[in-house]
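Undergrad: Hey, dropping work-v4.cif in here, mmCIF, N, CA and C atoms:
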```cif
data_upload
#
loop_
_atom_site.label_atom_id
_atom_site.label_comp_id
_atom_site.auth_asym_id
_atom_site.auth_seq_id
_atom_site.Cartn_x
_atom_site.Cartn_y
_atom_site.Cartn_z
N THR A 1 37.65 64.52 -120.64
CA THR A 1 38.54 63.46 -120.15
C THR A 1 39.40 62.87 -121.26
N ALA A 2 38.95 62.96 -122.50
CA ALA A 2 39.68 62.36 -123.62
C ALA A 2 40.71 63.32 -124.23
N ALA A 3 40.43 64.60 -124.23
CA ALA A 3 41.28 65.58 -124.92
C ALA A 3 42.75 65.57 -124.47
N PRO A 4 43.04 65.42 -123.17
CA PRO A 4 44.45 65.43 -122.78
C PRO A 4 45.29 64.32 -123.40
N LEU A 5 44.65 63.31 -123.97
CA LEU A 5 45.39 62.21 -124.60
C LEU A 5 45.68 62.47 -126.08
N HIS A 6 45.37 63.67 -126.56
CA HIS A 6 45.49 63.94 -128.00
C HIS A 6 46.89 63.70 -128.55
N ASP A 7 47.92 63.90 -127.75
CA ASP A 7 49.31 63.72 -128.21
C ASP A 7 49.97 62.46 -127.64
N ILE A 8 49.18 61.49 -127.19
CA ILE A 8 49.75 60.28 -126.59
C ILE A 8 50.72 59.58 -127.55
N GLY A 9 50.49 59.72 -128.84
CA GLY A 9 51.37 59.10 -129.83
C GLY A 9 52.79 59.64 -129.81
N LYS A 10 52.99 60.78 -129.17
CA LYS A 10 54.34 61.35 -129.10
C LYS A 10 55.27 60.51 -128.23
N ILE A 11 54.72 59.55 -127.49
CA ILE A 11 55.61 58.63 -126.75
C ILE A 11 56.44 57.80 -127.71
N GLY A 12 56.02 57.71 -128.96
CA GLY A 12 56.77 56.97 -129.98
C GLY A 12 57.70 57.84 -130.80
N ILE A 13 57.83 59.10 -130.44
CA ILE A 13 58.69 60.04 -131.16
C ILE A 13 59.92 60.34 -130.29
N PRO A 14 61.11 60.28 -130.86
CA PRO A 14 62.31 60.55 -130.05
C PRO A 14 62.29 61.95 -129.44
N ASP A 15 62.74 62.05 -128.19
CA ASP A 15 62.82 63.35 -127.50
C ASP A 15 63.68 64.33 -128.27
N SER A 16 64.68 63.82 -129.00
CA SER A 16 65.55 64.73 -129.75
C SER A 16 64.75 65.54 -130.76
N LEU A 17 63.65 65.00 -131.27
CA LEU A 17 62.79 65.75 -132.18
C LEU A 17 61.79 66.60 -131.41
N LEU A 18 61.20 66.04 -130.38
CA LEU A 18 60.20 66.78 -129.62
C LEU A 18 60.77 68.01 -128.94
N LEU A 19 62.04 67.96 -128.58
CA LEU A 19 62.67 69.05 -127.85
C LEU A 19 63.62 69.88 -128.71
N LYS A 20 63.61 69.65 -130.00
CA LYS A 20 64.50 70.36 -130.91
C LYS A 20 64.16 71.85 -130.91
N ALA A 21 65.17 72.68 -130.70
CA ALA A 21 64.96 74.12 -130.61
C ALA A 21 64.78 74.77 -131.99
N GLY A 22 65.38 74.22 -132.99
CA GLY A 22 65.32 74.82 -134.32
C GLY A 22 64.22 74.21 -135.18
N PRO A 23 64.15 74.67 -136.42
CA PRO A 23 63.12 74.15 -137.32
C PRO A 23 63.38 72.69 -137.68
N LEU A 24 62.30 71.99 -137.98
CA LEU A 24 62.39 70.59 -138.39
C LEU A 24 62.62 70.52 -139.89
N ASP A 25 63.41 69.53 -140.33
CA ASP A 25 63.52 69.31 -141.76
C ASP A 25 62.34 68.43 -142.20
N ASP A 26 62.21 68.18 -143.49
CA ASP A 26 61.06 67.45 -144.01
C ASP A 26 60.95 66.05 -143.41
N GLU A 27 62.08 65.36 -143.27
CA GLU A 27 62.06 64.00 -142.70
C GLU A 27 61.63 64.03 -141.24
N GLU A 28 62.12 64.99 -140.48
CA GLU A 28 61.74 65.11 -139.07
C GLU A 28 60.26 65.46 -138.94
N ARG A 29 59.78 66.34 -139.79
CA ARG A 29 58.36 66.74 -139.76
C ARG A 29 57.47 65.53 -140.06
N THR A 30 57.87 64.73 -141.05
CA THR A 30 57.11 63.54 -141.40
C THR A 30 57.06 62.56 -140.22
N LEU A 31 58.17 62.40 -139.54
CA LEU A 31 58.21 61.50 -138.38
C LEU A 31 57.32 62.03 -137.25
N ILE A 32 57.40 63.32 -136.96
CA ILE A 32 56.54 63.91 -135.91
C ILE A 32 55.07 63.71 -136.25
N GLN A 33 54.72 63.84 -137.52
CA GLN A 33 53.32 63.72 -137.92
C GLN A 33 52.76 62.32 -137.68
N THR A 34 53.62 61.32 -137.53
CA THR A 34 53.12 59.97 -137.26
C THR A 34 52.52 59.85 -135.87
N HIS A 35 52.70 60.87 -135.01
CA HIS A 35 52.16 60.76 -133.65
C HIS A 35 50.64 60.61 -133.67
N THR A 36 49.98 61.12 -134.70
CA THR A 36 48.52 61.02 -134.75
C THR A 36 48.08 59.56 -134.94
N THR A 37 48.74 58.88 -135.83
CA THR A 37 48.40 57.47 -136.09
C THR A 37 48.89 56.58 -134.96
N LEU A 38 50.05 56.89 -134.41
CA LEU A 38 50.54 56.12 -133.26
C LEU A 38 49.56 56.21 -132.09
N GLY A 39 49.08 57.42 -131.81
CA GLY A 39 48.12 57.60 -130.73
C GLY A 39 46.82 56.85 -130.99
N TYR A 40 46.34 56.94 -132.22
CA TYR A 40 45.13 56.23 -132.59
C TYR A 40 45.31 54.73 -132.39
N ASP A 41 46.45 54.20 -132.83
CA ASP A 41 46.69 52.77 -132.70
C ASP A 41 46.79 52.33 -131.25
N ILE A 42 47.31 53.19 -130.39
CA ILE A 42 47.41 52.87 -128.96
C ILE A 42 46.01 52.77 -128.33
N LEU A 43 45.12 53.66 -128.73
CA LEU A 43 43.83 53.81 -128.04
C LEU A 43 42.65 53.10 -128.69
N ARG A 44 42.71 52.82 -129.95
CA ARG A 44 41.51 52.41 -130.70
C ARG A 44 40.90 51.08 -130.30
N HIS A 45 41.64 50.23 -129.64
CA HIS A 45 41.11 48.91 -129.29
C HIS A 45 40.40 48.89 -127.94
N SER A 46 40.45 49.99 -127.22
CA SER A 46 39.80 50.05 -125.92
C SER A 46 38.28 49.94 -126.08
N GLN A 47 37.64 49.35 -125.10
CA GLN A 47 36.18 49.27 -125.07
C GLN A 47 35.57 50.43 -124.29
N ARG A 48 36.39 51.27 -123.71
CA ARG A 48 35.91 52.40 -122.91
C ARG A 48 35.57 53.58 -123.82
N ASP A 49 34.42 54.18 -123.57
CA ASP A 49 33.97 55.30 -124.39
C ASP A 49 34.97 56.45 -124.41
N ALA A 50 35.51 56.79 -123.25
CA ALA A 50 36.46 57.92 -123.18
C ALA A 50 37.70 57.64 -124.01
N LEU A 51 38.18 56.41 -124.00
CA LEU A 51 39.37 56.09 -124.77
C LEU A 51 39.06 55.94 -126.26
N GLN A 52 37.85 55.55 -126.60
CA GLN A 52 37.44 55.58 -128.01
C GLN A 52 37.40 57.02 -128.51
N SER A 53 36.88 57.92 -127.69
CA SER A 53 36.88 59.34 -128.04
C SER A 53 38.31 59.86 -128.17
N ALA A 54 39.17 59.45 -127.25
CA ALA A 54 40.58 59.87 -127.29
C ALA A 54 41.26 59.36 -128.56
N ALA A 55 40.91 58.17 -129.00
CA ALA A 55 41.48 57.63 -130.24
C ALA A 55 41.11 58.52 -131.43
N ILE A 56 39.86 58.91 -131.50
CA ILE A 56 39.40 59.80 -132.57
C ILE A 56 40.16 61.12 -132.52
N ILE A 57 40.27 61.68 -131.34
CA ILE A 57 40.95 62.96 -131.16
C ILE A 57 42.42 62.85 -131.55
N ALA A 58 43.09 61.81 -131.07
CA ALA A 58 44.51 61.62 -131.41
C ALA A 58 44.69 61.55 -132.92
N HIS A 59 43.79 60.87 -133.59
CA HIS A 59 43.91 60.67 -135.03
C HIS A 59 43.58 61.91 -135.84
N GLU A 60 42.64 62.73 -135.36
CA GLU A 60 42.09 63.79 -136.21
C GLU A 60 42.41 65.22 -135.78
N HIS A 61 43.15 65.43 -134.72
CA HIS A 61 43.35 66.81 -134.24
C HIS A 61 44.29 67.64 -135.11
N HIS A 62 44.94 67.04 -136.10
CA HIS A 62 45.76 67.80 -137.05
C HIS A 62 45.15 67.82 -138.45
N GLU A 63 43.91 67.36 -138.57
CA GLU A 63 43.19 67.54 -139.83
C GLU A 63 42.80 69.00 -139.93
N ARG A 64 42.58 69.47 -141.14
CA ARG A 64 42.22 70.88 -141.36
C ARG A 64 40.88 70.96 -142.07
N TRP A 65 40.13 71.99 -141.77
CA TRP A 65 38.82 72.21 -142.38
C TRP A 65 38.91 72.17 -143.91
N ASP A 66 40.02 72.70 -144.47
CA ASP A 66 40.18 72.76 -145.93
C ASP A 66 40.75 71.48 -146.53
N GLY A 67 41.01 70.47 -145.71
CA GLY A 67 41.50 69.19 -146.21
C GLY A 67 43.00 69.08 -146.35
N LEU A 68 43.74 70.10 -145.94
CA LEU A 68 45.19 70.09 -146.11
C LEU A 68 45.95 69.59 -144.88
N GLY A 69 45.23 69.01 -143.93
CA GLY A 69 45.86 68.50 -142.72
C GLY A 69 46.33 67.07 -142.88
N TYR A 70 46.64 66.45 -141.77
CA TYR A 70 47.12 65.06 -141.77
C TYR A 70 46.53 64.32 -140.57
N PRO A 71 46.50 63.02 -140.57
CA PRO A 71 47.13 62.07 -141.49
C PRO A 71 46.24 61.65 -142.67
N GLN A 72 44.94 61.94 -142.59
CA GLN A 72 44.03 61.40 -143.60
C GLN A 72 43.61 62.40 -144.67
N GLY A 73 43.89 63.68 -144.45
CA GLY A 73 43.45 64.70 -145.39
C GLY A 73 41.94 64.91 -145.36
N LEU A 74 41.33 64.69 -144.19
CA LEU A 74 39.89 64.90 -144.06
C LEU A 74 39.58 66.39 -144.15
N SER A 75 38.35 66.71 -144.53
CA SER A 75 37.96 68.12 -144.59
C SER A 75 36.56 68.30 -144.02
N GLY A 76 36.28 69.56 -143.65
CA GLY A 76 34.95 69.94 -143.21
C GLY A 76 34.40 69.03 -142.13
N GLU A 77 33.12 68.70 -142.30
CA GLU A 77 32.45 67.88 -141.30
C GLU A 77 32.81 66.41 -141.38
N HIS A 78 33.70 66.05 -142.29
CA HIS A 78 34.24 64.68 -142.29
C HIS A 78 35.22 64.49 -141.13
N ILE A 79 35.68 65.61 -140.58
CA ILE A 79 36.50 65.57 -139.37
C ILE A 79 35.53 65.50 -138.19
N HIS A 80 35.71 64.53 -137.34
CA HIS A 80 34.83 64.37 -136.18
C HIS A 80 34.84 65.66 -135.36
N ILE A 81 33.72 65.99 -134.78
CA ILE A 81 33.61 67.20 -133.96
C ILE A 81 34.64 67.21 -132.83
N PHE A 82 34.96 66.05 -132.28
CA PHE A 82 35.97 65.98 -131.22
C PHE A 82 37.32 66.48 -131.76
N GLY A 83 37.69 66.04 -132.93
CA GLY A 83 38.95 66.48 -133.54
C GLY A 83 38.96 67.95 -133.86
N ARG A 84 37.82 68.48 -134.33
CA ARG A 84 37.73 69.90 -134.67
C ARG A 84 37.86 70.78 -133.44
N ILE A 85 37.26 70.36 -132.34
CA ILE A 85 37.33 71.13 -131.10
C ILE A 85 38.74 71.10 -130.53
N VAL A 86 39.33 69.91 -130.46
CA VAL A 86 40.66 69.79 -129.87
C VAL A 86 41.72 70.46 -130.75
N ALA A 87 41.52 70.50 -132.05
CA ALA A 87 42.46 71.22 -132.92
C ALA A 87 42.56 72.68 -132.49
N ILE A 88 41.44 73.29 -132.20
CA ILE A 88 41.42 74.69 -131.78
C ILE A 88 42.08 74.83 -130.40
N ALA A 89 41.71 73.98 -129.47
CA ALA A 89 42.30 74.05 -128.13
C ALA A 89 43.81 73.83 -128.17
N ASP A 90 44.24 72.89 -128.97
CA ASP A 90 45.67 72.56 -129.09
C ASP A 90 46.45 73.74 -129.66
N VAL A 91 45.93 74.35 -130.71
CA VAL A 91 46.62 75.49 -131.32
C VAL A 91 46.60 76.71 -130.39
N PHE A 92 45.48 76.94 -129.72
CA PHE A 92 45.40 78.03 -128.75
C PHE A 92 46.52 77.86 -127.71
N ASP A 93 46.63 76.66 -127.17
CA ASP A 93 47.65 76.39 -126.16
C ASP A 93 49.05 76.50 -126.75
N ALA A 94 49.28 75.92 -127.91
CA ALA A 94 50.61 75.93 -128.52
C ALA A 94 51.08 77.34 -128.84
N LEU A 95 50.20 78.17 -129.37
CA LEU A 95 50.60 79.52 -129.73
C LEU A 95 50.76 80.42 -128.50
N GLY A 96 49.88 80.27 -127.54
CA GLY A 96 49.87 81.15 -126.38
C GLY A 96 50.82 80.76 -125.27
N THR A 97 51.58 79.70 -125.46
CA THR A 97 52.48 79.19 -124.44
C THR A 97 53.89 79.09 -125.01
N LYS A 98 54.87 79.45 -124.21
CA LYS A 98 56.27 79.32 -124.62
C LYS A 98 56.60 77.85 -124.83
N ARG A 99 57.32 77.58 -125.90
CA ARG A 99 57.82 76.24 -126.20
C ARG A 99 59.33 76.31 -126.37
N VAL A 100 59.97 75.18 -126.37
CA VAL A 100 61.42 75.14 -126.52
C VAL A 100 61.84 75.76 -127.86
N TYR A 101 60.97 75.71 -128.84
CA TYR A 101 61.29 76.18 -130.18
C TYR A 101 60.71 77.56 -130.50
N LYS A 102 59.97 78.18 -129.54
CA LYS A 102 59.38 79.49 -129.81
C LYS A 102 58.91 80.17 -128.53
N GLU A 103 58.79 81.48 -128.60
CA GLU A 103 58.23 82.26 -127.50
C GLU A 103 56.69 82.21 -127.59
N ALA A 104 56.03 82.50 -126.50
CA ALA A 104 54.57 82.58 -126.51
C ALA A 104 54.12 83.78 -127.33
N TRP A 105 53.04 83.60 -128.06
CA TRP A 105 52.42 84.72 -128.77
C TRP A 105 51.55 85.49 -127.78
N SER A 106 51.34 86.77 -128.06
CA SER A 106 50.35 87.50 -127.29
C SER A 106 48.97 86.92 -127.63
N LEU A 107 48.05 87.02 -126.69
CA LEU A 107 46.71 86.47 -126.96
C LEU A 107 45.98 87.28 -128.03
N ASP A 108 46.33 88.54 -128.20
CA ASP A 108 45.76 89.31 -129.31
C ASP A 108 46.23 88.75 -130.65
N ASP A 109 47.51 88.35 -130.73
CA ASP A 109 48.01 87.73 -131.96
C ASP A 109 47.38 86.36 -132.20
N VAL A 110 47.15 85.62 -131.12
CA VAL A 110 46.47 84.32 -131.24
C VAL A 110 45.07 84.53 -131.81
N LYS A 111 44.37 85.52 -131.29
CA LYS A 111 43.02 85.84 -131.77
C LYS A 111 43.04 86.17 -133.26
N GLU A 112 43.99 86.97 -133.71
CA GLU A 112 44.10 87.33 -135.13
C GLU A 112 44.39 86.10 -135.99
N TYR A 113 45.23 85.20 -135.48
CA TYR A 113 45.54 83.96 -136.20
C TYR A 113 44.26 83.15 -136.43
N PHE A 114 43.46 83.01 -135.40
CA PHE A 114 42.22 82.26 -135.55
C PHE A 114 41.27 82.94 -136.54
N LYS A 115 41.23 84.24 -136.54
CA LYS A 115 40.41 84.96 -137.53
C LYS A 115 40.89 84.64 -138.95
N GLU A 116 42.21 84.64 -139.14
CA GLU A 116 42.79 84.36 -140.46
C GLU A 116 42.56 82.92 -140.90
N GLU A 117 42.55 82.00 -139.95
CA GLU A 117 42.44 80.57 -140.28
C GLU A 117 41.00 80.04 -140.25
N ARG A 118 40.05 80.91 -139.96
CA ARG A 118 38.63 80.53 -139.97
C ARG A 118 38.26 80.04 -141.37
N GLY A 119 37.77 78.80 -141.45
CA GLY A 119 37.38 78.23 -142.72
C GLY A 119 38.54 77.63 -143.51
N LYS A 120 39.75 77.80 -143.02
CA LYS A 120 40.93 77.19 -143.64
C LYS A 120 41.36 76.01 -142.77
N SER A 121 42.01 76.34 -141.67
CA SER A 121 42.44 75.30 -140.74
C SER A 121 41.30 74.80 -139.85
N PHE A 122 40.38 75.71 -139.53
CA PHE A 122 39.41 75.43 -138.48
C PHE A 122 37.97 75.61 -138.94
N ASP A 123 37.09 74.87 -138.29
CA ASP A 123 35.65 74.94 -138.50
C ASP A 123 35.19 76.38 -138.25
N PRO A 124 34.61 77.04 -139.25
CA PRO A 124 34.22 78.44 -139.07
C PRO A 124 33.21 78.65 -137.95
N TYR A 125 32.29 77.73 -137.76
CA TYR A 125 31.30 77.88 -136.69
C TYR A 125 31.99 77.86 -135.32
N LEU A 126 32.94 76.93 -135.15
CA LEU A 126 33.64 76.84 -133.87
C LEU A 126 34.53 78.06 -133.64
N ILE A 127 35.12 78.59 -134.70
CA ILE A 127 35.92 79.81 -134.55
C ILE A 127 35.03 80.98 -134.16
N ASP A 128 33.84 81.05 -134.74
CA ASP A 128 32.91 82.11 -134.34
C ASP A 128 32.60 82.03 -132.85
N LEU A 129 32.41 80.81 -132.35
CA LEU A 129 32.17 80.64 -130.90
C LEU A 129 33.38 81.05 -130.09
N LEU A 130 34.56 80.66 -130.54
CA LEU A 130 35.79 81.05 -129.84
C LEU A 130 35.91 82.57 -129.78
N LEU A 131 35.71 83.23 -130.91
CA LEU A 131 35.86 84.68 -130.95
C LEU A 131 34.79 85.39 -130.11
N GLU A 132 33.59 84.84 -130.12
CA GLU A 132 32.50 85.42 -129.33
C GLU A 132 32.80 85.34 -127.83
N HIS A 133 33.53 84.31 -127.43
CA HIS A 133 33.82 84.09 -126.01
C HIS A 133 35.31 84.22 -125.70
N PHE A 134 36.02 84.98 -126.52
CA PHE A 134 37.47 85.04 -126.39
C PHE A 134 37.93 85.54 -125.02
N SER A 135 37.20 86.47 -124.44
CA SER A 135 37.60 86.98 -123.11
C SER A 135 37.58 85.86 -122.07
N GLU A 136 36.66 84.92 -122.21
CA GLU A 136 36.62 83.79 -121.28
C GLU A 136 37.81 82.87 -121.49
N PHE A 137 38.19 82.65 -122.77
CA PHE A 137 39.36 81.83 -123.07
C PHE A 137 40.63 82.49 -122.55
N LYS A 138 40.72 83.82 -122.67
CA LYS A 138 41.87 84.54 -122.14
C LYS A 138 41.97 84.36 -120.63
N MET A 139 40.84 84.45 -119.95
CA MET A 139 40.82 84.29 -118.51
C MET A 139 41.29 82.88 -118.12
N LEU A 140 40.80 81.87 -118.81
CA LEU A 140 41.22 80.49 -118.51
C LEU A 140 42.71 80.30 -118.78
N HIS A 141 43.19 80.90 -119.85
CA HIS A 141 44.61 80.82 -120.18
C HIS A 141 45.44 81.44 -119.05
N THR A 142 44.99 82.57 -118.55
CA THR A 142 45.70 83.25 -117.47
C THR A 142 45.69 82.40 -116.20
N VAL A 143 44.57 81.82 -115.89
CA VAL A 143 44.44 81.02 -114.66
C VAL A 143 45.30 79.76 -114.73
N TYR A 144 45.32 79.09 -115.90
CA TYR A 144 45.98 77.79 -116.01
C TYR A 144 47.36 77.85 -116.65
N ASN A 145 47.84 79.02 -117.00
CA ASN A 145 49.15 79.15 -117.62
C ASN A 145 50.23 78.84 -116.59
N ASP A 146 51.15 77.96 -116.95
CA ASP A 146 52.24 77.56 -116.04
C ASP A 146 53.34 78.61 -115.93
N GLU A 147 53.31 79.63 -116.78
CA GLU A 147 54.41 80.60 -116.84
C GLU A 147 54.11 81.86 -116.04
N LYS A 148 53.58 81.74 -114.87
CA LYS A 148 53.22 82.91 -114.06
C LYS A 148 54.42 83.54 -113.42
#
```
Take the structure I supplied and represent it as structure tokens, if you would.
TA:
Amino acid sequence: TAAPLHDIGKIGIPDSLLLKAGPLDDEERTLIQTHTTLGYDILRHSQRDALQSAAIIAHEHHERWDGLGYPQGLSGEHIHIFGRIVAIADVFDALGTKRVYKEAWSLDDVKEYFKEERGKSFDPYLIDLLLEHFSEFKMLHTVYNDEK
């Protein structure tokens, strides 16, 4: 219930950036990256458990296992498990789905990307689970993909 709110902070980002077809410059990238903190600030004061979880997810879903993510530069298990899980789901969806700025990747290419980023961007244990059950993820992607 909390994961779909991971990008709620993007309501504070101009559509001109969110819908930009070309690459972002450094200033635009920095502004887009503020969506994590904006989302956290929107949700963090709620007394509801689901919205507290959503606040954590919004804040941490762009952290990286190796510490090179944002906004806090957290690494490893310092990233909440909710953030680590949603990071994988978010990237799976982003790569496997057509966006205004890119075509969808094949799911075989998505799988290879996760193999390459195991222990870098993503929790290696969670990537092992993803790879072990990849056929199930492919099936879900096919069922829920809007581009049929």
Undergrad: Would you kindly return, as number ranges by chain, each protein, DNA or RNA residue with an atom no farther than 10 Å from any atom of Asp49 in chain A, considering only C-alpha atoms and excluding same-chain residues fewer than 5 positions away?
TA: A: 2, 54-55
Undergrad: Go ahead and write the selection's residues with N, CA and C atoms as a compact mmCIF listing (two decimals), keeping the file's coordinate frame.
TA:
```txt
# COMPACT_ATOMS: atom_id res chain seq x y z
N ALA A 2 38.95 62.96 -122.50
CA ALA A 2 39.68 62.36 -123.62
C ALA A 2 40.71 63.32 -124.23
N ALA A 54 39.17 59.45 -127.25
CA ALA A 54 40.58 59.87 -127.29
C ALA A 54 41.26 59.36 -128.56
N ALA A 55 40.91 58.17 -129.00
CA ALA A 55 41.48 57.63 -130.24
C ALA A 55 41.11 58.52 -131.43
```
Undergrad: Selection in question (the file shown): the PyMOL selection byres (((chain A and resi 137 and name CA) around 12) and name CA). Which residues does it include, as a ChimeraX atom specification?
TA: /A:88-89,92-93,96,107-108,110-111,129-136,138-145
Undergrad: Find the distance between atom N of Glu63 in chain A and CA of Gln47 in chain A and write it in Å to one decimal.
TA: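 About the pair atom N of Glu63 in chain A and CA of Gln47 in chain A: they are 23.9 Å apart.
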Undergrad: Leaving out range 9-19 of chain A and any residue of its chain fewer than 5 positions from it, which residues lie within 6 Å of it when counting all atoms listed in the file, given as a PDB file with N, CA and C atoms, in the frame of the given file?
TA:
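And here's part_29.pdb as it stands now:
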```
ATOM      1  N   HIS A  35      52.700  60.870-135.010  1.00  0.00           N
ATOM      2  CA  HIS A  35      52.160  60.760-133.650  1.00  0.00           C
ATOM      3  C   HIS A  35      50.640  60.610-133.670  1.00  0.00           C
ATOM      4  N   THR A  36      49.980  61.120-134.700  1.00  0.00           N
ATOM      5  CA  THR A  36      48.520  61.020-134.750  1.00  0.00           C
ATOM      6  C   THR A  36      48.080  59.560-134.940  1.00  0.00           C
ATOM      7  N   LEU A  38      50.050  56.890-134.410  1.00  0.00           N
ATOM      8  CA  LEU A  38      50.540  56.120-133.260  1.00  0.00           C
ATOM      9  C   LEU A  38      49.560  56.210-132.090  1.00  0.00           C
ATOM     10  N   GLY A  39      49.080  57.420-131.810  1.00  0.00           N
ATOM     11  CA  GLY A  39      48.120  57.600-130.730  1.00  0.00           C
ATOM     12  C   GLY A  39      46.820  56.850-130.990  1.00  0.00           C
ATOM     13  N   TYR A  40      46.340  56.940-132.220  1.00  0.00           N
ATOM     14  CA  TYR A  40      45.130  56.230-132.590  1.00  0.00           C
ATOM     15  C   TYR A  40      45.310  54.730-132.390  1.00  0.00           C
TER      16      TYR A  40
END
```
Undergrad: Rounded to one decimal, what separation in Å do you get between atom N of Gly22 in chain A and CA of Val100 in chain A?
TA: 7.6 Å
Undergrad: Provide the CA of Glu117 in chain A to CA of Val91 in chain A distance in Å, to one decimal place.
TA: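 That distance, rounded to one decimal, is 11.1 Å.
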Undergrad: Which one of A:Glu116, A:Pro71, A:Pro23, A:Leu126 sits closest to Ile85 in chain A if you count only N, CA and C atoms?
TA: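 Result for the nearest residue to Ile85 in chain A: A:Leu126.
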Undergrad: Let me make sure I understand: among A:Arg29, A:Lys20, A:His61, A:His45, which one has the smallest atom-to-atom distance to His6 in chain A if we use all atoms listed in the file?
TA: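 That would be A:His61, the residue with the smallest distance to His6 in chain A.
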Undergrad: Starting from the PyMOL selection byres (((chain A and resi 65 and name CA) around 10) and name CA), expand the selection into actual residues of this file and give them as JSON, numbers by chain.
TA: {"A": [62, 63, 64, 66, 67, 68, 69, 73, 74, 75, 76, 77, 78, 79, 84, 117, 118, 119, 120, 121, 122, 123, 124]}
